[in-house]
Each structure stands twice: as C-alpha cells, then as structure tokens.
$ cat upload_32.txt   # compact mmCIF, C-alpha atoms and all ligand atoms
# COMPACT_ATOMS: atom_id res chain seq x y z
CA MET P 115 -16.39 106.78 131.27
CA ILE P 116 -16.28 110.53 131.79
CA PHE P 117 -13.18 110.62 133.98
CA SER P 118 -9.90 108.74 133.96
CA LYS P 119 -10.30 106.24 136.79
CA THR P 120 -6.76 106.73 138.06
CA LEU P 121 -7.31 110.47 138.38
CA LEU P 122 -10.68 110.23 140.11
CA ASP P 123 -9.63 107.46 142.52
CA ARG P 124 -6.63 109.34 143.85
CA CYS P 125 -8.49 111.70 146.19
CA ILE P 126 -8.50 110.39 149.79
CA SER P 127 -11.00 113.05 150.98
CA CYS P 128 -8.55 114.41 153.56
CA GLY P 129 -9.64 118.02 153.09
CA TYR P 130 -6.13 119.54 153.11
CA CYS P 131 -7.05 121.42 149.95
CA LEU P 132 -10.00 123.29 151.44
CA PRO P 133 -8.09 126.26 152.95
CA ALA P 134 -6.31 126.83 149.61
CA CYS P 135 -9.51 127.11 147.57
CA PRO P 136 -10.78 130.64 146.82
CA THR P 137 -14.35 129.54 146.05
CA TYR P 138 -14.56 127.60 149.32
CA ALA P 139 -13.29 130.72 151.11
CA MET P 140 -16.10 132.73 149.46
CA THR P 141 -18.94 130.38 150.40
CA GLY P 142 -17.80 128.02 153.17
CA ASP P 143 -19.81 125.42 151.23
CA GLU P 144 -18.28 121.95 150.83
CA ALA P 145 -19.69 121.70 147.29
CA SER P 146 -17.55 124.72 146.31
CA SER P 147 -14.36 123.07 147.56
CA PRO P 148 -12.01 120.79 145.61
CA ARG P 149 -13.03 117.80 147.75
CA GLY P 150 -16.70 118.63 147.26
CA ARG P 151 -16.28 118.98 143.52
CA ILE P 152 -14.45 115.65 143.31
CA SER P 153 -17.42 114.07 145.17
CA LEU P 154 -19.72 115.62 142.55
CA MET P 155 -17.55 114.20 139.77
CA ARG P 156 -17.77 110.75 141.39
CA ALA P 157 -21.55 111.07 141.65
CA LEU P 158 -21.69 111.99 137.96
CA GLU P 159 -19.43 109.10 137.00
CA THR P 160 -21.49 106.53 138.93
CA GLY P 161 -24.83 107.92 137.75
CA HIS P 162 -25.91 109.12 141.20
CA LEU P 163 -26.32 112.59 139.68
CA GLU P 164 -27.82 113.23 136.26
CA ASP P 165 -25.98 115.24 133.60
CA ASP P 166 -28.39 118.15 134.00
CA ASP P 167 -28.10 118.36 137.79
CA PRO P 168 -27.99 122.09 138.65
CA THR P 169 -25.28 121.70 141.32
CA LEU P 170 -23.01 120.03 138.78
CA ALA P 171 -23.56 122.86 136.30
CA GLU P 172 -23.02 125.53 138.94
CA GLN P 173 -19.84 124.04 140.42
CA ALA P 174 -18.21 123.24 137.07
CA SER P 175 -18.61 126.91 136.23
CA PHE P 176 -17.93 128.44 139.69
CA CYS P 177 -14.50 126.74 139.95
CA LEU P 178 -11.75 129.14 138.87
CA GLY P 179 -9.56 126.35 137.58
CA CYS P 180 -6.71 128.03 139.48
CA ARG P 181 -5.22 124.70 140.62
CA ALA P 182 -4.34 126.12 144.07
CA CYS P 183 -5.64 122.77 145.37
CA GLU P 184 -2.87 120.81 143.65
CA PRO P 185 0.38 121.78 145.41
CA VAL P 186 -1.21 121.26 148.86
CA CYS P 187 -2.68 117.84 148.07
CA PRO P 188 -0.79 114.97 149.78
CA ALA P 189 -2.27 112.41 147.37
CA GLY P 190 -1.09 114.17 144.21
CA VAL P 191 -4.58 114.74 142.81
CA GLU P 192 -4.32 116.33 139.35
CA TYR P 193 -7.33 118.53 139.80
CA GLY P 194 -6.65 120.60 136.65
CA ASN P 195 -6.89 117.46 134.51
CA LEU P 196 -10.07 116.35 136.29
CA LEU P 197 -11.63 119.75 135.68
CA GLU P 198 -10.78 119.52 131.97
CA GLU P 199 -12.48 116.11 131.76
CA TRP P 200 -15.46 117.40 133.72
CA ARG P 201 -15.95 120.43 131.48
CA ASP P 202 -15.43 118.30 128.34
CA HIS P 203 -18.55 116.44 129.45
CA GLN P 204 -20.48 119.28 131.08
CA TRP P 205 -19.81 121.84 128.36
CA SER P 206 -19.67 119.57 125.32
CA GLY P 207 -20.75 121.10 122.01
CA ARG P 208 -23.35 123.83 122.31
CA ARG P 209 -23.59 123.40 126.07
CA SER P 210 -20.42 125.44 126.52
CA PRO P 211 -21.06 129.10 127.41
CA LEU P 212 -21.55 131.28 124.33
CA PRO P 213 -18.78 133.83 125.12
CA ALA P 214 -16.32 130.95 125.53
CA ARG P 215 -17.43 129.46 122.20
CA LEU P 216 -16.97 132.76 120.43
CA LEU P 217 -13.49 133.23 121.87
CA MET P 218 -12.51 129.67 120.97
CA ALA P 219 -13.73 130.22 117.41
CA LEU P 220 -11.63 133.39 117.22
CA VAL P 221 -8.35 131.87 118.42
CA SER P 222 -8.84 128.67 116.36
CA ARG P 223 -8.33 130.62 113.15
CA SER P 224 -4.63 131.13 112.91
CA TRP P 225 -4.95 133.79 110.19
CA LEU P 226 -7.08 135.85 112.59
CA VAL P 227 -4.53 135.42 115.38
CA ARG P 228 -1.76 136.50 113.01
CA ALA P 229 -3.82 139.43 111.73
CA GLN P 230 -3.70 140.92 115.23
CA GLY P 231 0.03 141.23 114.79
CA LEU P 232 -0.45 143.11 111.53
CA VAL P 233 -2.68 145.76 113.02
CA ARG P 234 -0.48 146.14 116.09
CA ARG P 235 2.91 147.13 114.78
CA HIS P 236 5.03 145.85 117.66
CA ALA P 237 3.68 142.35 117.39
CA ARG P 238 4.73 141.76 113.80
CA THR P 239 6.32 138.40 113.45
CA VAL P 240 9.91 138.12 112.28
CA THR P 241 11.85 135.06 111.34
CA SER P 242 15.40 134.30 112.22
CA ALA P 243 17.50 131.24 111.69
CA SER P 244 17.09 128.89 114.63
CA GLY P 245 17.44 128.57 118.37
CA PRO P 246 14.80 128.99 121.06
CA SER P 247 11.59 130.55 119.79
CA LEU P 248 9.39 133.21 121.31
CA MET P 249 5.72 132.36 121.34
CA LEU P 250 3.64 135.45 120.59
CA GLY P 251 0.37 134.26 122.11
CA CYS P 252 -3.10 135.10 120.83
CA VAL P 253 -4.62 137.38 123.49
CA GLU P 254 -1.29 139.05 124.15
CA ARG P 255 -0.61 139.73 120.48
CA GLY P 256 -3.82 141.72 120.24
CA LEU P 257 -4.04 143.37 123.65
CA PHE P 258 -0.44 143.77 124.81
CA PRO P 259 1.89 143.66 121.79
CA ARG P 260 4.59 145.56 123.70
CA VAL P 261 5.17 142.48 125.86
CA SER P 262 6.64 140.40 123.01
CA HIS P 263 8.60 143.42 121.87
CA ALA P 264 10.08 143.79 125.37
CA ALA P 265 10.83 140.07 125.61
CA ARG P 266 12.83 140.25 122.38
CA LYS P 267 14.88 143.11 123.79
CA LEU P 268 15.59 141.17 126.99
CA ALA P 269 16.53 137.99 125.15
CA PRO P 270 17.70 139.01 121.66
CA GLY P 271 18.72 135.41 120.86
CA LEU P 272 15.09 134.34 120.58
CA SER P 273 13.80 133.70 117.10
CA VAL P 274 10.17 134.55 116.29
CA PRO P 275 8.91 132.16 113.63
CA LYS P 276 6.00 133.26 111.49
CA ARG P 277 2.77 131.31 111.29
CA GLN P 278 2.27 130.63 114.96
CA GLY P 279 -1.29 130.10 116.14
CA CYS P 280 -2.87 129.78 119.57
CA CYS P 281 -1.65 127.11 122.04
CA GLY P 282 -5.19 125.82 122.74
CA ALA P 283 -5.29 126.53 126.50
CA LEU P 284 -8.58 128.37 126.07
CA HIS P 285 -10.15 125.27 124.50
CA ALA P 286 -8.74 122.95 127.15
CA HIS P 287 -10.25 125.03 129.96
CA ASN P 288 -13.62 125.50 128.27
CA GLY P 289 -14.84 122.03 127.44
CA ASP P 290 -12.80 121.07 124.37
CA SER P 291 -9.56 119.59 125.63
CA GLY P 292 -9.16 117.45 122.48
CA THR P 293 -8.87 120.55 120.30
CA GLY P 294 -6.71 122.17 122.99
CA GLU P 295 -4.26 119.28 122.77
CA ARG P 296 -4.18 119.32 118.96
CA MET P 297 -3.50 123.06 118.91
CA ALA P 298 -0.67 122.72 121.43
CA LYS P 299 0.97 119.98 119.36
CA SER P 300 0.58 121.97 116.17
CA LEU P 301 2.19 125.00 117.81
CA GLY P 302 4.95 122.70 119.04
CA ASP P 303 5.57 121.71 115.39
CA ALA P 304 5.59 125.37 114.28
CA LEU P 305 8.13 126.30 116.98
CA PRO P 306 10.73 123.52 117.01
CA GLY P 307 13.11 123.35 119.97
CA THR P 308 12.63 125.34 123.14
CA ILE P 309 9.49 127.51 123.26
CA VAL P 310 9.71 130.64 125.40
CA THR P 311 6.41 132.20 126.41
CA THR P 312 5.46 135.35 128.29
CA SER P 313 2.22 133.75 129.47
CA GLY P 314 2.17 131.48 132.54
CA GLY P 315 -1.11 129.86 131.48
CA CYS P 316 0.17 129.01 128.00
CA ALA P 317 3.42 127.67 129.48
CA ALA P 318 1.56 125.15 131.66
CA HIS P 319 -0.76 124.03 128.87
CA LEU P 320 2.05 123.67 126.33
CA ALA P 321 4.27 121.81 128.79
CA ALA P 322 1.49 119.26 129.32
CA HIS P 323 1.35 118.47 125.60
CA VAL P 324 4.77 119.09 124.04
CA GLY P 325 6.76 118.11 127.14
CA ARG P 326 8.07 120.19 130.03
CA PRO P 327 11.71 120.21 128.82
CA ARG P 328 10.70 122.12 125.66
CA VAL P 329 8.85 124.94 127.44
CA ARG P 330 10.22 127.93 129.31
CA GLU P 331 8.22 130.80 130.75
CA LEU P 332 10.12 134.06 130.19
CA SER P 333 11.26 134.66 133.81
CA GLU P 334 12.45 131.08 134.02
CA TYR P 335 14.36 131.47 130.75
CA LEU P 336 15.97 134.78 131.77
CA VAL P 337 17.17 133.42 135.13
CA GLU P 338 18.41 130.16 133.58
CA HIS P 339 20.43 132.09 130.99
CA ASP P 340 21.75 134.71 133.41
CA HIS P 341 19.90 137.51 131.65
CA LEU P 342 19.63 139.32 134.98
CA PRO P 343 19.11 143.07 134.71
CA SER P 344 21.67 145.20 136.51
CA GLY P 345 20.21 148.75 136.82
CA ARG P 346 17.82 150.15 139.41
CA LEU P 347 14.33 151.35 138.56
CA LEU P 348 13.71 154.76 140.11
CA VAL P 349 10.44 156.59 140.74
CA ASP P 350 10.65 160.17 141.99
CA GLY P 351 14.34 159.67 142.75
CA ARG P 352 13.85 156.57 144.96
CA VAL P 353 13.98 152.86 144.18
CA ALA P 354 10.60 151.72 142.84
CA ARG P 355 8.37 149.54 145.03
CA VAL P 356 7.07 146.62 142.98
CA ALA P 357 4.63 143.80 143.78
CA LEU P 358 3.89 140.60 141.83
CA GLN P 359 0.71 138.76 140.96
CA ASP P 360 1.62 135.12 140.35
CA SER P 361 0.11 133.29 137.39
CA CYS P 362 -1.92 130.43 138.90
CA HIS P 363 -0.97 127.84 136.33
CA LEU P 364 2.67 128.89 136.33
CA ARG P 365 2.87 128.66 140.12
CA ASN P 366 0.54 125.73 140.80
CA GLY P 367 1.07 123.80 137.57
CA LEU P 368 4.78 124.33 136.85
CA GLY P 369 6.03 125.37 140.29
CA ILE P 370 7.54 128.63 139.02
CA SER P 371 7.33 131.46 141.58
CA ARG P 372 10.93 132.24 142.59
CA GLN P 373 12.17 133.49 139.23
CA PRO P 374 9.86 136.48 138.67
CA ARG P 375 10.54 137.63 142.24
CA GLU P 376 14.29 137.28 141.72
CA LEU P 377 14.15 139.44 138.59
CA ILE P 378 12.07 142.14 140.30
CA ARG P 379 14.41 142.15 143.32
CA ALA P 380 17.34 142.70 140.95
CA VAL P 381 15.94 146.06 139.85
CA ALA P 382 13.52 147.31 142.52
CA GLU P 383 12.26 146.96 146.07
CA TYR P 384 10.10 143.85 145.98
CA VAL P 385 6.89 143.90 148.02
CA GLU P 386 5.08 140.60 148.58
CA LEU P 387 1.30 140.99 148.52
CA PRO P 388 -0.55 138.86 151.12
CA SER P 389 -2.36 136.99 148.35
CA ALA P 390 0.27 137.22 145.59
CA GLY P 391 0.00 133.46 145.01
CA ALA P 392 -3.81 133.40 144.90
CA CYS P 393 -5.97 133.91 141.81
CA CYS P 394 -6.82 137.48 140.78
CA GLY P 395 -10.18 136.37 139.34
CA ALA P 396 -9.12 136.56 135.68
CA ALA P 397 -8.86 132.78 135.31
CA GLY P 398 -9.13 132.55 131.52
CA THR P 399 -12.75 133.23 130.58
CA TYR P 400 -13.91 133.40 134.23
CA SER P 401 -14.02 137.20 134.37
CA ILE P 402 -16.44 137.11 131.41
CA LEU P 403 -18.51 134.11 132.51
CA ARG P 404 -18.66 134.91 136.24
CA PRO P 405 -18.17 138.69 136.45
CA ARG P 406 -19.63 139.05 139.96
CA GLU P 407 -17.34 136.50 141.62
CA SER P 408 -14.37 137.60 139.52
CA GLY P 409 -14.98 141.20 140.63
CA GLU P 410 -15.20 140.17 144.30
CA ILE P 411 -11.84 138.43 144.12
CA LEU P 412 -10.29 141.32 142.22
CA SER P 413 -11.57 143.89 144.70
CA VAL P 414 -9.67 142.22 147.56
CA LYS P 415 -6.57 142.13 145.38
CA ILE P 416 -6.80 145.83 144.55
CA ASP P 417 -7.26 146.64 148.27
CA GLU P 418 -3.99 144.82 148.95
CA ILE P 419 -2.17 146.56 146.13
CA GLU P 420 -3.32 149.97 147.35
CA ALA P 421 -2.38 149.16 150.97
CA ALA P 422 1.10 148.03 149.88
CA GLU P 423 1.81 151.50 148.43
CA VAL P 424 3.65 150.11 145.44
CA ASP P 425 4.45 151.89 142.21
CA PHE P 426 3.96 148.86 139.97
CA VAL P 427 2.21 145.53 140.16
CA VAL P 428 3.69 142.95 137.82
CA ALA P 429 1.85 140.15 136.01
CA VAL P 430 3.32 137.20 134.14
CA ASN P 431 0.19 136.28 132.23
CA PRO P 432 -1.88 138.46 129.85
CA GLY P 433 -5.22 137.58 131.46
CA CYS P 434 -3.96 138.66 134.90
CA LEU P 435 -2.51 141.82 133.36
CA ARG P 436 -5.85 142.75 131.80
CA GLN P 437 -7.68 141.98 135.06
CA LEU P 438 -5.32 144.09 137.20
CA LYS P 439 -5.38 147.00 134.75
CA THR P 440 -9.19 146.96 134.79
CA GLY P 441 -9.37 146.85 138.60
CA LEU P 442 -6.81 149.63 139.09
CA ARG P 443 -8.44 151.84 136.47
CA LYS P 444 -11.89 151.46 138.04
CA ARG P 445 -10.45 152.31 141.44
CA GLY P 446 -8.65 155.38 140.05
CA SER P 447 -5.38 154.01 141.43
CA ARG P 448 -1.99 155.55 140.65
CA VAL P 449 -0.41 152.05 140.66
CA ARG P 450 0.57 150.78 137.20
CA ALA P 451 0.03 147.17 136.17
CA VAL P 452 2.71 145.95 133.77
CA HIS P 453 4.01 142.68 132.44
CA LEU P 454 7.37 141.61 133.89
CA ALA P 455 9.03 142.05 130.48
CA GLU P 456 7.75 145.64 130.23
CA LEU P 457 9.08 146.43 133.71
CA LEU P 458 12.52 145.01 133.01
CA VAL P 459 13.03 146.91 129.74
CA ILE P 460 12.37 150.31 131.33
CA VAL P 461 15.19 149.81 133.84
CA PRO P 462 18.09 152.11 132.90
CA ARG P 463 21.23 150.15 132.09
S1 LIG P 501 -7.96 116.71 146.49
FE1 LIG P 501 -6.15 116.08 147.68
S2 LIG P 501 -6.10 117.46 149.46
FE2 LIG P 501 -8.18 117.61 148.56
S3 LIG P 501 -9.40 116.11 149.69
FE3 LIG P 501 -8.64 115.05 147.85
S4 LIG P 501 -6.72 114.08 148.51
FE4 LIG P 501 -7.22 115.61 150.09
S1 LIG P 502 -9.07 124.95 140.90
FE1 LIG P 502 -9.08 126.68 142.38
S2 LIG P 502 -11.26 127.20 142.63
FE2 LIG P 502 -11.21 125.19 141.62
S3 LIG P 502 -11.34 123.69 143.30
FE3 LIG P 502 -9.12 124.03 142.94
S4 LIG P 502 -8.52 125.69 144.35
FE4 LIG P 502 -10.79 125.69 144.22

$ encode --input "upload_32.txt" --output "structure tokens"
Amino acid sequence: MIFSKTLLDRCISCGYCLPACPTYAMTGDEASSPRGRISLMRALETGHLEDDDPTLAEQASFCLGCRACEPVCPAGVEYGNLLEEWRDHQWSGRRSPLPARLLMALVSRSWLVRAQGLVRRHARTVTSASGPSLMLGCVERGLFPRVSHAARKLAPGLSVPKRQGCCGALHAHNGDSGTGERMAKSLGDALPGTIVTTSGGCAAHLAAHVGRPRVRELSEYLVEHDHLPSGRLLVDGRVARVALQDSCHLRNGLGISRQPRELIRAVAEYVELPSAGACCGAAGTYSILRPRESGEILSVKIDEIEAAEVDFVVAVNPGCLRQLKTGLRKRGSRVRAVHLAELLVIVPR
C-alpha cells in the first residue's frame, strides 16, 4: 500500500478543485489538476502505472503542494496528506531531488540550525522561565533573523528556549514524511506548551503532529491576546498602503487569513491583491526545483503588486518573503517585502 485507502477513496471526481489549482491554470491539462493527480495516484496504487512512469514523476514534482484544492473540495479530500504519501514513494531515498536532499541534510542537524543564530546576532536564542514559546525556525533564523527579534518585541511574554531544531516540514514535503513527523514531535518536546511561530508553513506542519491546540501562528497569537498595534504607519506623510501575500499552508491548511489582514488594517491602508490567497511560487523547495514555473507564477504576482501601488507587501512565511524580495529586486521595484512582524514593529507608538 502506497496510500491510505481512506484518503485515496474520498475523491468523488467532481472537479470543483480544478479552478483553484495554479498548475491546472498554467496548462489546462487534466493531469496537472488535483483530480488528475488523484487519478494518477490511483493508477499507481492499482499497478496500472509503473513506478517509473514519466507522467507520475512529472506531476509529483510539478504540483506546488499549495493545498488550494483542499478548502474548495466538497468531499474533504486531504490532498496535502496524499501528496506527502505520493512523494514518500516517488522520491524515496536517492530518488528525491538532490537540492532537496542537501537542504534536508542541513536542517536535520540541529547544531547547524542553531549555529545560524550564532552568526546572526539578532537570532541568538535566550531562555526564560516558562509560558508560550517562540519557535525560531531554520530558514528564518539564517535568512531573516530580524523577524524573531520583531516577534519578541511584539509579544514580550514569549520565551525562547535554547536547543530548538527544525520542525521537519521540509522533509515532509520532499519525500520523507516519517522524518518530518519525528522532527515535529521532537520540537514539540523541546518547546513545551503553546508554540508560536512566524512561519505559516511550519505552523501547519507542527499542528498536524503536535496537535492544533498547541500551535499558534504569530498573527493568530497577537489577535487572540489583543496585542493589536495602535499607531499609524506613515510613508511620505500619508498612511502607508500595504498588501498581503497569504501563506498557502496557513490559509488552506489552518484556515488563517483574517488575522494578518486585521493587524495590517490596524496600522495602514490594506490593499487586497487579486491573487493574495494564491501561491507565490515559493512553495518550499519548488522555486529551486522548478525555477521556470516558479518564476512564471511570481511574475504575475509582481505585476499585481506593482499595479496596486503599495508601499509594502507583507509575508507570513519566510519562503514567501524570500520569493517576493527576489521578484521585486529583479523588477527594480520600489515596493518593500517585509514579514508581518517587521512591519508591525516599525509602526510608531
Ligand atoms: S479532490 Fe475534491 S473537489 Fe477535487 S475532484 Fe476530488 S472530490 Fe472533487
Ligand atoms: S496542491 Fe496546489 S498545485 Fe497541487 S494539485 Fe492542489 S491546488 Fe494544484
């Protein structure tokens, strides 16, 4: 058995998910849709397609794993879980793409993850007594250490326990969901109680393995605890115009989309992008493994951001933040991509 029977049997082939799928929108090809991919999974499970079938390999990789097909599905298909099982089989061992293997090896070594905090001053871990803990993340600790620093200013009650590793989301999405689950549980042990994270993708993965009640994404935590900012963010003497890029797994996996908008509205003029809820093409390792398709998706997003004439575009996930920064820089845009926590701390009080 490659797939859990209950997961695979749930699809009723209604096709409601097709309009929500970015890869189907790119190709118009049924095989690139969620329904088409589930048909491929069934063919693999029943032996109608061989393991090395090229369409299977292509579609397992072409899928963004954005889970936009889940909230629109009337049958409650857990596509994200099916994709994990599919890639566990398709990308097992050395069949997983080399860049993904290298990244997984990097984040598996907790001393290496922690070392990023030592070289980046703001990300140094500190320990306090108890209470909800801030998860520092692995990518974010190295690339965007100011995010954790900002989160601690916004919610000073958060403790930051030492010795936190990676949550394992990268493994789960790249063909090693067993290790991904073990890493999530181990992080859950290292951060007892509520875990607050500034990464939508990590929030969804952790919630699946340590339980939803223990996990809070930062915007969700701030709204729940009435940490609403009160000032106004000004640019050139006027209220700043700010757009949001949703985190796919936060929106489609955990249903969190209201809170980041509420926080932005509290300090600025919020501008909804036409595709704010759709993937930006970052999608974990996707921008590395499928740079052409990732770039196509990003280009449309940058067009929208430019047309909206905003001052800032906000991300709630480090991968999206990196993707947006790259796209804006290449375009020579004056728009700044920032994490929500970074935006909120620059608001004058
Ligand atoms: S995944 Fe859901 S929405 Fe898509 S075809 Fe299957 S049952 Fe319908
Ligand atoms: S996860 Fe995203 S790209 Fe993959 S089938 Fe679902 S909607 Fe399409």

$ closest_atom_pairs --input "upload_32.txt" --of "chain P" --to "ligand LIG 502 (chain P)" --cutoff "10 Å" --atoms "only C-alpha atoms and all ligand atoms" --output "tab-separated table"
residue	atom	partner	partner_atom	distance
P:Cys131	CA	P:LIG502	S4	7.2
P:Leu132	CA	P:LIG502	S4	7.6
P:Pro133	CA	P:LIG502	S4	8.6
P:Ala134	CA	P:LIG502	S4	5.8
P:Cys135	CA	P:LIG502	S4	3.7
P:Pro136	CA	P:LIG502	S2	5.4
P:Thr137	CA	P:LIG502	S2	5.2
P:Tyr138	CA	P:LIG502	FE4	6.6
P:Ala139	CA	P:LIG502	FE4	8.9
P:Ala145	CA	P:LIG502	S3	9.5
P:Ser146	CA	P:LIG502	S3	7.0
P:Ser147	CA	P:LIG502	S3	5.3
P:Pro148	CA	P:LIG502	S3	3.8
P:Arg149	CA	P:LIG502	S3	7.6
P:Gly150	CA	P:LIG502	S3	8.4
P:Arg151	CA	P:LIG502	S3	6.8
P:Ile152	CA	P:LIG502	S3	8.6
P:Gln173	CA	P:LIG502	FE2	8.8
P:Ala174	CA	P:LIG502	FE2	8.6
P:Ser175	CA	P:LIG502	FE2	9.3
P:Phe176	CA	P:LIG502	S2	7.4
P:Cys177	CA	P:LIG502	FE2	4.0
P:Leu178	CA	P:LIG502	S2	4.3
P:Gly179	CA	P:LIG502	S1	3.6
P:Cys180	CA	P:LIG502	FE1	4.0
P:Arg181	CA	P:LIG502	S1	3.9
P:Ala182	CA	P:LIG502	S4	4.2
P:Cys183	CA	P:LIG502	S4	4.2
P:Glu184	CA	P:LIG502	FE3	7.1
P:Pro185	CA	P:LIG502	S4	9.8
P:Val186	CA	P:LIG502	S4	9.7
P:Glu192	CA	P:LIG502	FE3	9.8
P:Tyr193	CA	P:LIG502	FE3	6.6
P:Gly194	CA	P:LIG502	S1	6.5
P:Leu196	CA	P:LIG502	S1	9.8
P:Leu197	CA	P:LIG502	S1	7.8
P:Cys362	CA	P:LIG502	FE1	8.8
P:His363	CA	P:LIG502	S1	9.7
P:Asn366	CA	P:LIG502	S1	9.6
P:Ala392	CA	P:LIG502	FE1	8.9
P:Cys393	CA	P:LIG502	FE1	7.9
P:Gly395	CA	P:LIG502	S2	9.8
P:Ala397	CA	P:LIG502	FE1	9.3

$ residues_near_point --input "upload_32.txt" --point "(7.8, 135.2, 139.0)" --cutoff "8 Å" --atoms "only C-alpha atoms" --output "PyMOL selection string"
chain P and resi 333-334+358+360+370-377+430

$ atom_distance --input "upload_32.txt" --atom1 "CA of Pro259 in chain P" --atom2 "CA of Arg436 in chain P"
12.7 Å

$ atom_distance --input "upload_32.txt" --atom1 "atom S2 of ligand LIG 501 (chain P)" --atom2 "CA of Leu170 in chain P"
20.2 Å

$ residues_near_ligand --input "upload_32.txt" --ligand "ligand LIG 501 (chain P)" --cutoff "6 Å" --atoms "all atoms listed in the file" --output "list in words"
Cys125, Ile126, Ser127, Cys128, Gly129, Tyr130, Cys131, Pro148, Arg149, Cys187, Pro188, Ala189 and Val191 of chain P

$ closest_residue --input "upload_32.txt" --among "P:His341, P:Arg215, P:Arg124, P:Arg352" --to "Leu284 in chain P" --atoms "all atoms listed in the file"
P:Arg215

$ residues_around --input "upload_32.txt" --residues "Val427 in chain P" --least-positions-apart "4" --cutoff "12 Å" --atoms "all atoms listed in the file" --output "PyMOL selection string"
chain P and resi 354-360+374-375+378+382-387+390+415-416+418-420+422-423+434-439+441-442+447-454+456-457

$ atom_distance --input "upload_32.txt" --atom1 "CA of Val221 in chain P" --atom2 "CA of Asp165 in chain P"
28.6 Å

$ residues_around --input "upload_32.txt" --residues "range 201-213 of chain P" --least-positions-apart "4" --cutoff "9 Å" --atoms "all atoms listed in the file" --output "ChimeraX atom specification"
/P:116,165-166,170-171,174-175,196-197,217-218,286-292,399,402-403

$ residues_around --input "upload_32.txt" --residues "Arg296 in chain P" --least-positions-apart "5" --cutoff "12 Å" --atoms "all atoms listed in the file" --output "list in words"
Ser222, Gly279, Cys280, Cys281, Gly282, Ala283, His285, Ala286, Asp290, Ser291, Leu301, Gly302, Asp303, His319, Leu320, Ala322, His323 and Val324 of chain P

$ closest_residue --input "upload_32.txt" --among "P:Pro306, P:Pro270, P:Gly190, P:Ala317" --to "Thr120 in chain P" --atoms "only C-alpha atoms"
P:Gly190

$ closest_residue --input "upload_32.txt" --among "P:Gly351, P:Ser389, P:Thr308, P:Ala269" --to "Val337 in chain P" --atoms "only C-alpha atoms"
P:Ala269
